[in-house]
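Everything on this sheet refers to the single structure shown next.
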Protein chains: 2
Amino acid sequence: MLRFVVTRPHGKGGGPFLFPPEKTVAGVGERALLAHLRRRIPVPPGVILGPGDDAALVATGPLTVMTADTMVEGVHFRREWSSARQVGRKALSVNLSDVGAMAGRARYATVSLCLPGDLPLSWVDGLYDGLLERAAEVQVALVGGNVSGIDGPVVIDVALLGESARPLRRGGARPGDVLLVTGSLGLAAAGLALLWAGAQLPEDAAPERACLRAQLDPDPPLAFAAALAEAAGVHAGMDLSDGLSGDLLALCAESGLAALVHADALPLGPPLGAGDPLELALHGGEDYQLLLAAGPTHVDALQALAREHGVRLTAIGACEAGPAAVWLEQDGRRTPLPPRAHQHFAAREDGSA
Amino acid sequence: MLRFVVTRPHGKGGGPFLFPPEKTVAGVGERALLAHLRRRIPVPPGVILGPGDDAALVATGPLTVMTADTMVEGVHFRREWSSARQVGRKALSVNLSDVGAMAGRARYATVSLCLPGDLPLSWVDGLYDGLLERAAEVQVALVGGNVSGIDGPVVIDVALLGESARPLRRGGARPGDVLLVTGSLGLAAAGLALLWAGAQLPEDAAPERACLRAQLDPDPPLAFAAALAEAAGVHAGMDLSDGLSGDLLALCAESGLAALVHADALPLGPPLGAGDPLELALHGGEDYQLLLAAGPTHVDALQALAREHGVRLTAIGACEAGPAAVWLEQDGRRTPLPPRAHQHFAAREDGSA
């Protein structure tokens, strides 16, 4: 529960600590580990006071976007499937996706780590490689954090602050709005299925690699998301993290309306034997793409904005008056689409992950 | 990794979910649990958008204090020693202490929970009883959070934002400054020792109860801390969370000077057979009191300010020119005081907690 303190337990003045890679977290001690991590963190503009004091001090505007999300080993990642660097990148990306979904730009993050004592320090350094690399890509400053021991799995919790000139909420969609999604849906879920199947991929397995990347190192459309603060006609938006069926129902509930999804309009992933692409697109989690509801006359301008950002934007259906519900139209038939997102506890109860 | 979503899995319109107290986290499911928790959270002024969207939106000033701290079951609390309500209160209090130590006022918090599937829901509700009660006491808004499963101990990570007109840093102390501490030191460490000893306390054991309370439900001097933003002559400050010896060394390192502590000036706890009160005051962690360095001519005014807030403020020593080090003066002799704070990993390595 120590913060990044400045004491130097070994009495060394300058220069980085150099730990042998085979050292464990327990073998180095919490203070030395924190001092080591702290030295790796740059302090960019906007950060008045970075790691090392009781708290950070950051420059903010009148309206701040705030979110926090957690990655738990065994639930959200496995050390045998993800490199430490990928875990670090994803821990930041899942939060970046949330700030983006408010049409926000992320600025400052804190990182809370729970580390078992036998964890190799090389893994912690790899985690920070990923965190720092991803933070630099999106100009986010790591301004503080803490490290705790745990008799259990690795836990990484990131809290993220951002700013938005005109935040995009889940409520606000109107009957007649067009529903749009970025990217392809179901890739991350297909990637997870491939990992479970122990996929050994040939060199030329490009679609499989795209799915694994979507699962292990998601890339939310952040610049396009931030640009939505200036775009006209976008009435509601959210990120797709728990699967379209559940997430769209959440948007419906917040907006007080129903939604119709056209099955043949969905931007599906490739058929890989990792599950039915339509099922994965409807119910697979962790896409970290955007779901938007926009006035029909604004769709062309949004498509142009998406193209400017190299983002695929697909109209998948429309909002309708009525009680909160999602309907699927397929082969001319209209059926209810109940949410079937992954629920970690429920899944764990029956023995699966 | 779900946020507090608004979907109502059981199709119920209004009214709180009523879970039988014997239900477990796994038995209810993540979405229903989040919807349940979300309904308990009020949305006070300053919160433009509370739990339920991709992120929260909060009103901020130009300078924001940001911190995050974690409580891990088995490392920072035990369910057999703390009630769920106490754990919730302490999870917020340790963060409040950090914002207070910047002469700040806390405003907004997110709460990330990792919950094993067999955890009773009544425990989660008790945790939120404590979080909400403590938040109301200090006018902090819980603006968001997330719940994850974990195959391991309960983890509670709180990220906290605050504001400060004139932040108080660890660096900035000057040679000749008087060192001051609030409250008594070593109470929380004595409380921990009592818990380890399995203390069954008689009804009239007031000193013991004060120590247990300091350990289980710390009460940092928050109003006094915030008032320090307006006080003259306070050059540096921090909270005492890892023990005076280590924390004061951190202040020395940040300020580039040495410190002398007078052993007989320290505000010790009562002798309880739970350890030497002087040792506990010097090295015991989790006091969550303030350590200040102030110009000698300002000490009387600070004492008066402390009295106004019902806070005990004690001069314990002075800052000196020299390399970062802490010296202890006892019985006319001056000896180095090396840091001996609890280091979770190191402690776990040799089998103790």
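Following the order of the structure tokens, first chain is A, next is B, and so on, with residues numbered from 1 inside each chain and ligands from 1 in the order they appear.
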
* DSSP says alpha helix (DSSP H) for which residues of stretch 100-331 of chain B? Put them as a PyMOL selection string? -> chain B and resi 100+121-137+187-196+206-216+222-227+244-255+277-283+299-308

* To do: Just need the residues of chain A within 7 Å of chain B, counting only C-alpha atoms, so spit them out as a VMD selection string.
  => chain A and resid 1 5 to 7 26 29 to 30 53 to 70 72 75 98 to 99 101 to 102 110 112 117 144 to 146 149 to 150 152 to 153 159 169 to 170 238 249 to 250 253 to 254 343 to 346 349

* Hey, which of A:Gly126, A:Pro42, A:Gly310, A:Pro20 ends up closest to A:Ala223? Count only C-alpha atoms. ->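 Counting only C-alpha atoms, the residue closest to A:Ala223 is A:Gly310.
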
* To do: Report the distance between atom CA of A:Gly183 and atom CA of A:Leu313 in Å, rounded to one decimal place.
  =>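 Interatomic distance here is 6.4 Å.
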
* **DSSP strand (DSSP E or B) residues within stretch 6-163 of chain A, as a PyMOL selection string** => chain A and resi 24+47-49+51+53+56-59+63-73+77+105-115+120+141-149+155-163

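Neighbours of B:Leu131 closer than or equal to 9 Å, with only C-alpha atoms counted and sequence neighbours fewer than 5 positions away skipped, come out as B:Arg85, B:Gln86, B:Val87, B:Gly88, B:Arg89, B:Lys90, B:Ala91, B:Leu92, B:Gly126, B:Ala136, B:Leu142.
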
Generate the output file for the selected residues, N, CA and C atoms, as a PDB file, in the first residue's frame.
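Now in out_8.pdb:
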ATOM      1  N   ARG B  85     -18.109  -3.529   6.985  1.00  0.00           N
ATOM      2  CA  ARG B  85     -18.308  -2.083   7.068  1.00  0.00           C
ATOM      3  C   ARG B  85     -16.988  -1.374   7.399  1.00  0.00           C
ATOM      4  N   GLN B  86     -16.216  -1.940   8.339  1.00  0.00           N
ATOM      5  CA  GLN B  86     -14.922  -1.342   8.672  1.00  0.00           C
ATOM      6  C   GLN B  86     -13.972  -1.363   7.475  1.00  0.00           C
ATOM      7  N   VAL B  87     -13.980  -2.457   6.727  1.00  0.00           N
ATOM      8  CA  VAL B  87     -13.103  -2.541   5.548  1.00  0.00           C
ATOM      9  C   VAL B  87     -13.492  -1.458   4.539  1.00  0.00           C
ATOM     10  N   GLY B  88     -14.791  -1.276   4.325  1.00  0.00           N
ATOM     11  CA  GLY B  88     -15.251  -0.239   3.410  1.00  0.00           C
ATOM     12  C   GLY B  88     -14.831   1.148   3.864  1.00  0.00           C
ATOM     13  N   ARG B  89     -14.997   1.403   5.168  1.00  0.00           N
ATOM     14  CA  ARG B  89     -14.604   2.715   5.705  1.00  0.00           C
ATOM     15  C   ARG B  89     -13.102   2.935   5.529  1.00  0.00           C
ATOM     16  N   LYS B  90     -12.302   1.911   5.865  1.00  0.00           N
ATOM     17  CA  LYS B  90     -10.854   2.072   5.812  1.00  0.00           C
ATOM     18  C   LYS B  90     -10.362   2.217   4.370  1.00  0.00           C
ATOM     19  N   ALA B  91     -10.999   1.493   3.425  1.00  0.00           N
ATOM     20  CA  ALA B  91     -10.586   1.595   2.015  1.00  0.00           C
ATOM     21  C   ALA B  91     -10.687   3.036   1.528  1.00  0.00           C
ATOM     22  N   LEU B  92     -11.693   3.743   2.022  1.00  0.00           N
ATOM     23  CA  LEU B  92     -11.813   5.158   1.656  1.00  0.00           C
ATOM     24  C   LEU B  92     -10.862   6.009   2.503  1.00  0.00           C
ATOM     25  N   GLY B 126     -22.288  -4.996   3.225  1.00  0.00           N
ATOM     26  CA  GLY B 126     -21.644  -4.393   4.392  1.00  0.00           C
ATOM     27  C   GLY B 126     -20.481  -3.500   3.986  1.00  0.00           C
ATOM     28  N   ALA B 136     -20.245   9.788   2.905  1.00  0.00           N
ATOM     29  CA  ALA B 136     -21.195  10.819   3.334  1.00  0.00           C
ATOM     30  C   ALA B 136     -20.577  11.699   4.410  1.00  0.00           C
ATOM     31  N   LEU B 142     -19.224   8.758  -4.629  1.00  0.00           N
ATOM     32  CA  LEU B 142     -18.781   7.558  -5.352  1.00  0.00           C
ATOM     33  C   LEU B 142     -19.355   7.664  -6.763  1.00  0.00           C
TER      34      LEU B 142
END

* Asked: atom CA of B:Val311 and atom CA of B:Gly186 are how many Å apart?
  ->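 Atom CA of B:Val311 sits 16.5 Å away from atom CA of B:Gly186.
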
* Excluding A:Pro336 and any residue of its chain fewer than 3 positions from it, enumerate the residues within 8 Å of it, using only C-alpha atoms, and give them as a list of chain:residue names. =>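 These residues fall inside the cut-off: A:Ala325, A:Val326, A:Trp327, A:Leu328.
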
Just write the chosen residues, N, CA and C atoms, as a PDB file, in the first residue's frame.
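Generated output (again.pdb):
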ATOM      1  N   ALA A 325     -35.513  -3.049 -25.217  1.00  0.00           N
ATOM      2  CA  ALA A 325     -35.361  -4.417 -25.720  1.00  0.00           C
ATOM      3  C   ALA A 325     -34.554  -4.353 -26.999  1.00  0.00           C
ATOM      4  N   VAL A 326     -33.886  -5.460 -27.307  1.00  0.00           N
ATOM      5  CA  VAL A 326     -33.152  -5.551 -28.569  1.00  0.00           C
ATOM      6  C   VAL A 326     -33.803  -6.629 -29.420  1.00  0.00           C
ATOM      7  N   TRP A 327     -34.068  -6.300 -30.678  1.00  0.00           N
ATOM      8  CA  TRP A 327     -34.664  -7.227 -31.632  1.00  0.00           C
ATOM      9  C   TRP A 327     -33.655  -7.511 -32.734  1.00  0.00           C
ATOM     10  N   LEU A 328     -33.690  -8.758 -33.219  1.00  0.00           N
ATOM     11  CA  LEU A 328     -32.806  -9.148 -34.320  1.00  0.00           C
ATOM     12  C   LEU A 328     -33.649  -9.493 -35.535  1.00  0.00           C
TER      13      LEU A 328
END

* Quick one, how far is atom CA of B:Leu212 from atom CA of B:Ala141? ->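 Going from atom CA of B:Leu212 over to atom CA of B:Ala141 covers 27.5 Å.
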
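Ranking A:Ala263, A:Leu201, A:Ala306, A:Ala193 by their shortest atom-to-atom distance to A:Leu290, with only C-alpha atoms included, puts A:Ala306 first.
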
* Asked: Which polymer residues have any atom within 9 Å of an atom of stretch 264-270 of chain B, counting only C-alpha atoms, with same-chain residues fewer than 2 positions away left out, as number ranges by chain?
  -> B: 181-187, 190, 207-208, 211, 261-262, 272, 277-278, 280-282, 314-317, 329-331
